[in-house]
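Trainee: Here it is, the structure, as structure tokens.
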Amino acid sequence: MFVKTDFADKTRWATWIKDLANAGGTGGLNWHVHAARSLQRWLPTREHIASFLANIHPEQKHLLLIGCSAGWMLPTPWLSRFERIDVYDIDPLVPFLFGLRHGRSLQTQSVQLHYHRSDAIAGLPVLLKQHPEACVWFDNVLGQVGVRLGDEEIAERQLSQLKHLLAGRAWGSLHDMYSGGTDADMASPAVECCHWVRMDDAAEESSKVQVNQQTFLHPEAAQWLLTRLNAKGVWHDHATRTVFAPGTQTTLIPWAFKPHYWHWLQAGWVKP
Ligand SMILES: C[S@@+](CC[C@H](N)C(=O)[O-])C[C@H]1O[C@@H](n2cnc3c(N)ncnc32)[C@H](O)[C@@H]1O
């Protein structure tokens, strides 16, 4: 009995330290250092996210905020529209750093903050039961599911099921769609957002997508996105193509993650 407890404690500590360092490759100390040093380069993307969220007016006063890290890219004014926010992240630094970045301002506006260190994707069915009235925002976390699982096919299957779990809920997500290198010999692209609507549930090769109201096959549309960023080398597909149901209006936002390494983010909001 004593030995078992000791082993369980060690395992818990090892997970805590791993999540502190890099959260299974999705966050942690690595992420915070990179984010803090990149805030200026990320400014156009942060502004696009703020404009997207400024147009989202949920009726709910309670938000489940999932995978938000320190909220490096989140606008405090949007958060302040809620009376209560439950923050879920596996990274043990989140309560301190999110508190530094948003806490004081939210406190002065009487927003109650509750922090939970837990895997909110595996635990989503339970969270939804515990908080039947809350809306949900996945804050750049769903594109990392494949990284944590180490298997993009399983990730795509899991991610495509989320919308069914969330049926009847107001929810939204910002997540990676594609990421990769860009041509260092060309000037950094100044790229605008675009509107993106998946038209059907067909397989990727034959699926149709509307981009800025023009219809393409999905592979052509993806190629068009990459060309706009002067993509070079092999790009990573984050397996998030089917997070939103066909017909959901979404915005694609370019993100200079590193000077010659860009992402296309997808943002969408679903009303019940
Ligand atoms: C790319 S970072 C998010 C960045 C965040 N949007 C920001 O503005 O700083 C992904 C975050 O998701 C967290 N995360 C990854 N998997 C998670 C899970 N299953 N449940 C809860 N949080 C998770 C990581 O710890 C990390 O903080």
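Residue numbering restarts at 1 in every chain; chains get A, B, ... in the order shown in the structure tokens, and ligands count up from 1 in that same order.
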Let me see if you get this right: every residue at most 8 Å from ligand 1, counting only C-alpha atoms and all ligand atoms, written as a PyMOL selection string.
Mentor: chain A and resi 19+22-24+26-28+31-32+35+66-74+88-91+94+117-122+139-142+144-145+148+174
Trainee: Selection from above, N, CA and C atoms, as an mmCIF file, in the first residue's frame, can you write it?
Mentor:
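Saved as result_1.cif:
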data_model
loop_
_atom_site.group_PDB
_atom_site.id
_atom_site.type_symbol
_atom_site.label_atom_id
_atom_site.label_comp_id
_atom_site.auth_asym_id
_atom_site.auth_seq_id
_atom_site.Cartn_x
_atom_site.Cartn_y
_atom_site.Cartn_z
ATOM 1 N N ASP A 19 4.295 18.824 -17.800
ATOM 2 C CA ASP A 19 3.311 19.828 -18.220
ATOM 3 C C ASP A 19 3.835 21.242 -17.986
ATOM 4 N N ASN A 22 6.624 21.628 -21.053
ATOM 5 C CA ASN A 22 6.132 21.850 -22.422
ATOM 6 C C ASN A 22 4.721 21.328 -22.693
ATOM 7 N N ALA A 23 4.012 20.881 -21.662
ATOM 8 C CA ALA A 23 2.613 20.444 -21.802
ATOM 9 C C ALA A 23 2.422 19.515 -23.020
ATOM 10 N N GLY A 24 3.222 18.449 -23.055
ATOM 11 C CA GLY A 24 3.095 17.475 -24.152
ATOM 12 C C GLY A 24 3.372 18.093 -25.508
ATOM 13 N N THR A 26 2.677 21.182 -26.333
ATOM 14 C CA THR A 26 1.636 22.133 -26.731
ATOM 15 C C THR A 26 1.685 23.457 -25.965
ATOM 16 N N GLY A 27 2.557 23.560 -24.982
ATOM 17 C CA GLY A 27 2.556 24.801 -24.197
ATOM 18 C C GLY A 27 3.661 24.773 -23.153
ATOM 19 N N GLY A 28 3.340 25.160 -21.914
ATOM 20 C CA GLY A 28 4.325 25.141 -20.832
ATOM 21 C C GLY A 28 5.323 26.286 -20.955
ATOM 22 N N TRP A 31 6.426 27.609 -24.290
ATOM 23 C CA TRP A 31 5.405 28.432 -24.940
ATOM 24 C C TRP A 31 5.402 29.844 -24.364
ATOM 25 N N HIS A 32 5.470 29.947 -23.016
ATOM 26 C CA HIS A 32 5.379 31.269 -22.387
ATOM 27 C C HIS A 32 6.556 32.155 -22.807
ATOM 28 N N ALA A 35 6.024 33.130 -26.430
ATOM 29 C CA ALA A 35 4.891 34.068 -26.572
ATOM 30 C C ALA A 35 5.294 35.457 -26.063
ATOM 31 N N ILE A 66 -10.953 26.899 -22.538
ATOM 32 C CA ILE A 66 -10.158 25.661 -22.561
ATOM 33 C C ILE A 66 -8.844 25.842 -23.315
ATOM 34 N N GLY A 67 -7.727 25.536 -22.615
ATOM 35 C CA GLY A 67 -6.400 25.572 -23.233
ATOM 36 C C GLY A 67 -5.914 26.978 -23.529
ATOM 37 N N CYS A 68 -6.230 27.904 -22.634
ATOM 38 C CA CYS A 68 -5.944 29.320 -22.948
ATOM 39 C C CYS A 68 -4.542 29.744 -22.555
ATOM 40 N N SER A 69 -3.801 28.868 -21.874
ATOM 41 C CA SER A 69 -2.472 29.246 -21.403
ATOM 42 C C SER A 69 -2.591 30.546 -20.591
ATOM 43 N N ALA A 70 -1.666 31.499 -20.823
ATOM 44 C CA ALA A 70 -1.764 32.778 -20.093
ATOM 45 C C ALA A 70 -2.720 33.729 -20.812
ATOM 46 N N GLY A 71 -3.371 33.236 -21.873
ATOM 47 C CA GLY A 71 -4.245 34.117 -22.651
ATOM 48 C C GLY A 71 -3.417 35.150 -23.391
ATOM 49 N N TRP A 72 -2.272 34.687 -23.939
ATOM 50 C CA TRP A 72 -1.363 35.625 -24.624
ATOM 51 C C TRP A 72 -2.052 36.304 -25.792
ATOM 52 N N MET A 73 -2.997 35.606 -26.432
ATOM 53 C CA MET A 73 -3.604 36.178 -27.642
ATOM 54 C C MET A 73 -5.058 36.592 -27.423
ATOM 55 N N LEU A 74 -5.507 36.519 -26.182
ATOM 56 C CA LEU A 74 -6.922 36.822 -25.913
ATOM 57 C C LEU A 74 -7.116 38.284 -25.513
ATOM 58 N N TYR A 88 -9.505 26.111 -17.944
ATOM 59 C CA TYR A 88 -8.981 24.735 -17.894
ATOM 60 C C TYR A 88 -7.707 24.656 -18.714
ATOM 61 N N ASP A 89 -6.624 24.227 -18.077
ATOM 62 C CA ASP A 89 -5.371 24.013 -18.807
ATOM 63 C C ASP A 89 -4.556 22.996 -18.025
ATOM 64 N N ILE A 90 -3.717 22.234 -18.742
ATOM 65 C CA ILE A 90 -2.895 21.234 -18.041
ATOM 66 C C ILE A 90 -1.619 21.856 -17.486
ATOM 67 N N ASP A 91 -1.314 23.082 -17.883
ATOM 68 C CA ASP A 91 -0.060 23.732 -17.513
ATOM 69 C C ASP A 91 -0.185 24.355 -16.111
ATOM 70 N N VAL A 94 -0.445 28.286 -15.450
ATOM 71 C CA VAL A 94 -1.539 29.099 -15.995
ATOM 72 C C VAL A 94 -2.209 30.030 -14.968
ATOM 73 N N ARG A 117 -6.624 22.641 -13.208
ATOM 74 C CA ARG A 117 -5.540 22.009 -13.970
ATOM 75 C C ARG A 117 -6.014 20.618 -14.382
ATOM 76 N N SER A 118 -6.537 20.513 -15.618
ATOM 77 C CA SER A 118 -7.050 19.202 -16.030
ATOM 78 C C SER A 118 -7.102 19.096 -17.545
ATOM 79 N N ASP A 119 -7.158 17.852 -18.015
ATOM 80 C CA ASP A 119 -7.285 17.584 -19.449
ATOM 81 C C ASP A 119 -8.761 17.802 -19.810
ATOM 82 N N ALA A 120 -9.039 18.973 -20.356
ATOM 83 C CA ALA A 120 -10.431 19.365 -20.564
ATOM 84 C C ALA A 120 -10.979 18.814 -21.867
ATOM 85 N N ILE A 121 -10.132 18.155 -22.656
ATOM 86 C CA ILE A 121 -10.658 17.567 -23.898
ATOM 87 C C ILE A 121 -11.139 16.154 -23.587
ATOM 88 N N ALA A 122 -10.287 15.387 -22.902
ATOM 89 C CA ALA A 122 -10.749 14.059 -22.468
ATOM 90 C C ALA A 122 -11.927 14.207 -21.503
ATOM 91 N N ASP A 139 -9.312 27.705 -26.921
ATOM 92 C CA ASP A 139 -8.425 28.807 -27.272
ATOM 93 C C ASP A 139 -7.082 28.327 -27.836
ATOM 94 N N ASN A 140 -7.123 27.984 -29.109
ATOM 95 C CA ASN A 140 -5.921 27.502 -29.797
ATOM 96 C C ASN A 140 -5.378 26.238 -29.144
ATOM 97 N N VAL A 141 -6.244 25.293 -28.934
ATOM 98 C CA VAL A 141 -5.835 24.035 -28.302
ATOM 99 C C VAL A 141 -6.182 22.825 -29.185
ATOM 100 N N LEU A 142 -7.232 22.924 -30.021
ATOM 101 C CA LEU A 142 -7.659 21.723 -30.755
ATOM 102 C C LEU A 142 -6.628 21.303 -31.815
ATOM 103 N N GLN A 144 -3.632 21.161 -31.379
ATOM 104 C CA GLN A 144 -2.525 20.463 -30.697
ATOM 105 C C GLN A 144 -2.906 19.041 -30.271
ATOM 106 N N VAL A 145 -4.157 18.650 -30.513
ATOM 107 C CA VAL A 145 -4.590 17.311 -30.087
ATOM 108 C C VAL A 145 -3.730 16.240 -30.780
ATOM 109 N N ARG A 148 -0.289 15.986 -29.152
ATOM 110 C CA ARG A 148 -0.294 15.254 -27.876
ATOM 111 C C ARG A 148 -0.503 13.767 -28.093
ATOM 112 N N LEU A 174 -10.731 28.683 -31.711
ATOM 113 C CA LEU A 174 -9.644 29.192 -32.549
ATOM 114 C C LEU A 174 -8.631 28.055 -32.560
#
Trainee: From the DSSP assignment of the backbone, select every residue of segment 82-161 of chain A that is strand (DSSP E), and format the answer as a VMD selection string.
Mentor: chain A and resid 84 to 89 112 to 117 135 to 139
Trainee: For the contact check between segment 118-181 of chain A and segment 209-232 of chain A, emit one row per residue of segment 118-181 of chain A within 12 Å, containing the shortest atom pair and the distance in Å rounded to one decimal, counting only C-alpha atoms, chain then rising number order, as JSON lines.
Mentor:
{"residue": "A:Met177", "atom": "CA", "partner": "A:Ala222", "partner_atom": "CA", "distance": 9.6}
{"residue": "A:Tyr178", "atom": "CA", "partner": "A:Leu226", "partner_atom": "CA", "distance": 8.5}
{"residue": "A:Ser179", "atom": "CA", "partner": "A:Leu226", "partner_atom": "CA", "distance": 9.0}
{"residue": "A:Gly180", "atom": "CA", "partner": "A:Ala231", "partner_atom": "CA", "distance": 7.0}
{"residue": "A:Gly181", "atom": "CA", "partner": "A:Lys232", "partner_atom": "CA", "distance": 5.4}
Trainee: Create the file for the chosen residues now, containing N, CA and C atoms and written as a PDB file, in the first residue's frame.
Mentor:
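Listing of selection_5.pdb after writing:
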ATOM      1  N   MET A 177      -4.893  25.372 -38.436  1.00  0.00           N
ATOM      2  CA  MET A 177      -5.276  24.492 -39.552  1.00  0.00           C
ATOM      3  C   MET A 177      -4.021  23.950 -40.225  1.00  0.00           C
ATOM      4  N   TYR A 178      -3.143  24.875 -40.605  1.00  0.00           N
ATOM      5  CA  TYR A 178      -1.903  24.482 -41.275  1.00  0.00           C
ATOM      6  C   TYR A 178      -0.764  25.287 -40.684  1.00  0.00           C
ATOM      7  N   SER A 179       0.453  24.717 -40.706  1.00  0.00           N
ATOM      8  CA  SER A 179       1.612  25.496 -40.273  1.00  0.00           C
ATOM      9  C   SER A 179       2.848  25.001 -41.012  1.00  0.00           C
ATOM     10  N   GLY A 180       3.787  25.907 -41.219  1.00  0.00           N
ATOM     11  CA  GLY A 180       5.016  25.494 -41.890  1.00  0.00           C
ATOM     12  C   GLY A 180       5.894  26.670 -42.262  1.00  0.00           C
ATOM     13  N   GLY A 181       6.996  26.334 -42.935  1.00  0.00           N
ATOM     14  CA  GLY A 181       8.003  27.334 -43.273  1.00  0.00           C
ATOM     15  C   GLY A 181       7.571  28.206 -44.444  1.00  0.00           C
TER      16      GLY A 181
END
Trainee: Just the residues within 7 Å of His114 of chain A, please, counting only C-alpha atoms, with nothing from its chain fewer than 6 positions along; format it as a PyMOL selection string.
Mentor: chain A and resi 85-87
Trainee: How would the residues just chosen look if you wrote them out with N, CA and C atoms as a PDB file, in the first residue's frame?
Mentor:
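Listing of result14.pdb after writing:
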ATOM      1  N   ILE A  85     -15.738  32.850 -15.277  1.00  0.00           N
ATOM      2  CA  ILE A  85     -14.946  32.100 -16.269  1.00  0.00           C
ATOM      3  C   ILE A  85     -14.253  30.944 -15.550  1.00  0.00           C
ATOM      4  N   ASP A  86     -14.456  29.729 -16.072  1.00  0.00           N
ATOM      5  CA  ASP A  86     -13.700  28.572 -15.575  1.00  0.00           C
ATOM      6  C   ASP A  86     -12.602  28.286 -16.583  1.00  0.00           C
ATOM      7  N   VAL A  87     -11.353  28.401 -16.111  1.00  0.00           N
ATOM      8  CA  VAL A  87     -10.186  28.246 -16.982  1.00  0.00           C
ATOM      9  C   VAL A  87      -9.643  26.828 -16.818  1.00  0.00           C
TER      10      VAL A  87
END
Trainee: My list of candidates is A:Arg46, A:Pro259, A:Gln249, A:Ala202. Which is closest to Asp185 of chain A when distances are computed with only C-alpha atoms?
Mentor: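 Between A:Arg46, A:Pro259, A:Gln249, A:Ala202, the residue approaching Asp185 of chain A most closely is A:Pro259.
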Trainee: Would you mind telling me which residue in A:Met199, A:Cys194, A:Ala54, A:Val111 lies nearest to Pro246 of chain A when using only C-alpha atoms?
Mentor: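 For Pro246 of chain A, the nearest of the candidates is A:Met199.
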Trainee: Apply DSSP to the backbone of this structure and, from segment 67-152 of chain A, keep only the residues in helix (DSSP H, G or I); write these as a tab-separated table (two decimals) with N, CA and C atoms, in the first residue's frame.
Mentor:
chain	number	residue	atom	x	y	z
A	76	THR	N	-8.71	41.06	-23.30
A	76	THR	CA	-9.39	41.13	-21.99
A	76	THR	C	-10.83	41.67	-22.13
A	77	PRO	N	-11.09	42.68	-23.00
A	77	PRO	CA	-12.46	43.20	-23.05
A	77	PRO	C	-13.51	42.13	-23.38
A	78	TRP	N	-13.16	41.17	-24.24
A	78	TRP	CA	-14.15	40.13	-24.55
A	78	TRP	C	-14.41	39.26	-23.32
A	79	LEU	N	-13.32	38.97	-22.57
A	79	LEU	CA	-13.49	38.12	-21.38
A	79	LEU	C	-14.35	38.82	-20.33
A	94	VAL	N	-0.45	28.29	-15.45
A	94	VAL	CA	-1.54	29.10	-16.00
A	94	VAL	C	-2.21	30.03	-14.97
A	95	PRO	N	-2.55	29.55	-13.76
A	95	PRO	CA	-3.23	30.48	-12.84
A	95	PRO	C	-2.39	31.73	-12.58
A	96	PHE	N	-1.09	31.55	-12.40
A	96	PHE	CA	-0.24	32.70	-12.12
A	96	PHE	C	-0.14	33.63	-13.34
A	97	LEU	N	0.16	33.05	-14.52
A	97	LEU	CA	0.40	33.91	-15.69
A	97	LEU	C	-0.88	34.49	-16.28
A	98	PHE	N	-1.95	33.70	-16.30
A	98	PHE	CA	-3.23	34.24	-16.79
A	98	PHE	C	-3.68	35.35	-15.83
A	99	GLY	N	-3.43	35.11	-14.54
A	99	GLY	CA	-3.77	36.12	-13.53
A	99	GLY	C	-3.02	37.42	-13.79
A	100	LEU	N	-1.71	37.29	-14.11
A	100	LEU	CA	-0.92	38.51	-14.37
A	100	LEU	C	-1.45	39.26	-15.59
A	101	ARG	N	-1.80	38.48	-16.63
A	101	ARG	CA	-2.17	39.13	-17.90
A	101	ARG	C	-3.60	39.68	-17.90
A	102	HIS	N	-4.51	38.95	-17.27
A	102	HIS	CA	-5.92	39.37	-17.35
A	102	HIS	C	-6.59	39.55	-15.99
A	103	GLY	N	-5.97	38.92	-14.96
A	103	GLY	CA	-6.65	38.78	-13.67
A	103	GLY	C	-7.10	40.09	-13.05
A	104	ARG	N	-6.17	41.06	-12.95
A	104	ARG	CA	-6.52	42.27	-12.22
A	104	ARG	C	-7.68	43.00	-12.89
A	105	SER	N	-7.57	43.13	-14.22
A	105	SER	CA	-8.60	43.84	-14.95
A	105	SER	C	-9.96	43.12	-14.81
A	106	LEU	N	-9.93	41.78	-14.86
A	106	LEU	CA	-11.20	41.04	-14.74
A	106	LEU	C	-11.76	41.17	-13.33
A	107	GLN	N	-10.84	41.19	-12.36
A	107	GLN	CA	-11.28	41.32	-10.96
A	107	GLN	C	-11.98	42.67	-10.73
A	108	THR	N	-11.40	43.73	-11.32
A	108	THR	CA	-12.02	45.05	-11.10
A	108	THR	C	-13.40	45.11	-11.77
A	124	LEU	N	-14.20	16.56	-21.37
A	124	LEU	CA	-15.26	17.47	-21.84
A	124	LEU	C	-16.69	17.00	-21.49
A	125	PRO	N	-17.02	15.72	-21.69
A	125	PRO	CA	-18.40	15.31	-21.38
A	125	PRO	C	-18.77	15.63	-19.93
A	126	VAL	N	-17.82	15.42	-19.01
A	126	VAL	CA	-18.11	15.69	-17.59
A	126	VAL	C	-18.26	17.19	-17.36
A	127	LEU	N	-17.36	17.98	-17.95
A	127	LEU	CA	-17.44	19.44	-17.77
A	127	LEU	C	-18.76	19.99	-18.27
A	128	LEU	N	-19.20	19.47	-19.41
A	128	LEU	CA	-20.46	19.97	-19.99
A	128	LEU	C	-21.64	19.64	-19.07
A	129	LYS	N	-21.56	18.45	-18.45
A	129	LYS	CA	-22.64	18.07	-17.52
A	129	LYS	C	-22.61	18.96	-16.28
A	130	GLN	N	-21.37	19.25	-15.81
A	130	GLN	CA	-21.25	20.06	-14.59
A	130	GLN	C	-21.73	21.49	-14.81
A	142	LEU	N	-7.23	22.92	-30.02
A	142	LEU	CA	-7.66	21.72	-30.76
A	142	LEU	C	-6.63	21.30	-31.81
A	143	GLY	N	-5.89	22.26	-32.34
A	143	GLY	CA	-4.86	21.94	-33.34
A	143	GLY	C	-3.68	21.21	-32.72
A	144	GLN	N	-3.63	21.16	-31.38
A	144	GLN	CA	-2.52	20.46	-30.70
A	144	GLN	C	-2.91	19.04	-30.27
A	145	VAL	N	-4.16	18.65	-30.51
A	145	VAL	CA	-4.59	17.31	-30.09
A	145	VAL	C	-3.73	16.24	-30.78
A	146	GLY	N	-3.47	16.43	-32.07
A	146	GLY	CA	-2.65	15.47	-32.82
A	146	GLY	C	-1.23	15.42	-32.27
A	147	VAL	N	-0.72	16.57	-31.85
A	147	VAL	CA	0.65	16.62	-31.31
A	147	VAL	C	0.71	15.79	-30.01
A	148	ARG	N	-0.29	15.99	-29.15
A	148	ARG	CA	-0.29	15.25	-27.88
A	148	ARG	C	-0.50	13.77	-28.09
A	149	LEU	N	-1.40	13.42	-29.04
A	149	LEU	CA	-1.70	12.00	-29.26
A	149	LEU	C	-0.61	11.33	-30.09
A	152	GLU	N	-2.23	11.78	-36.13
A	152	GLU	CA	-3.16	12.76	-36.73
A	152	GLU	C	-4.50	12.13	-37.12
Trainee: To one decimal place, how far is atom CA of His195 of chain A from atom CA of Trp262 of chain A in Å?
Mentor: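 Computed distance, atom CA of His195 of chain A to atom CA of Trp262 of chain A, equals 18.3 Å.
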Trainee: With only C-alpha atoms as the atoms that count, which of A:Phe82, A:Phe52, A:Trp42, A:Trp137 lies nearest to Leu65 of chain A?
Mentor: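 The shortest atom-to-atom distance to Leu65 of chain A comes from A:Trp137.
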Trainee: Just give me the gap between atom CA of Gln158 of chain A and atom CA of Gln266 of chain A in Å, one decimal is fine.
Mentor: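 Taking atom CA of Gln158 of chain A as the start and atom CA of Gln266 of chain A as the end point, the length is 17.6 Å.
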Trainee: Point out the residue among A:Ala184, A:Leu252, A:Pro75, A:Pro189 with the least atom-to-atom distance to Leu43 of chain A, counting only C-alpha atoms.
Mentor: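 Smallest separation from Leu43 of chain A among the options: A:Pro75.
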Trainee: Nearest to Glu83 of chain A: which of A:Thr242, A:Pro44, A:Trp269, A:Ala134 is it, counting only C-alpha atoms?
Mentor: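 Smallest separation from Glu83 of chain A among the options: A:Ala134.
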Trainee: Considering only C-alpha atoms, return as a PyMOL selection string whatever protein or nucleic-acid residues lie within 9 Å of Asp201 of chain A, sequence-local ones (same chain, fewer than 3 positions apart) excluded.
Mentor: chain A and resi 198+204+207-208+242+245-246
Trainee: Print the selection's residues with N, CA and C atoms to a file, as a compact mmCIF listing (two decimals), in the first residue's frame.
Mentor:
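So the final result, stored in again_4.txt, reads:
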# COMPACT_ATOMS: atom_id res chain seq x y z
N ARG A 198 -16.76 25.23 -45.07
CA ARG A 198 -16.74 23.87 -45.62
C ARG A 198 -18.16 23.57 -46.08
N GLU A 204 -11.69 14.53 -47.99
CA GLU A 204 -10.94 15.75 -48.23
C GLU A 204 -10.72 16.05 -49.72
N SER A 207 -14.05 17.17 -51.25
CA SER A 207 -14.88 18.09 -50.47
C SER A 207 -14.77 19.50 -51.07
N LYS A 208 -15.89 20.26 -50.99
CA LYS A 208 -15.88 21.62 -51.54
C LYS A 208 -15.83 22.63 -50.40
N THR A 242 -12.45 19.14 -39.90
CA THR A 242 -13.88 18.87 -39.66
C THR A 242 -14.34 19.24 -38.25
N ALA A 245 -19.04 22.00 -38.33
CA ALA A 245 -19.95 21.30 -39.25
C ALA A 245 -19.97 22.03 -40.59
N PRO A 246 -20.32 21.32 -41.69
CA PRO A 246 -20.47 22.00 -42.98
C PRO A 246 -21.45 23.17 -42.84
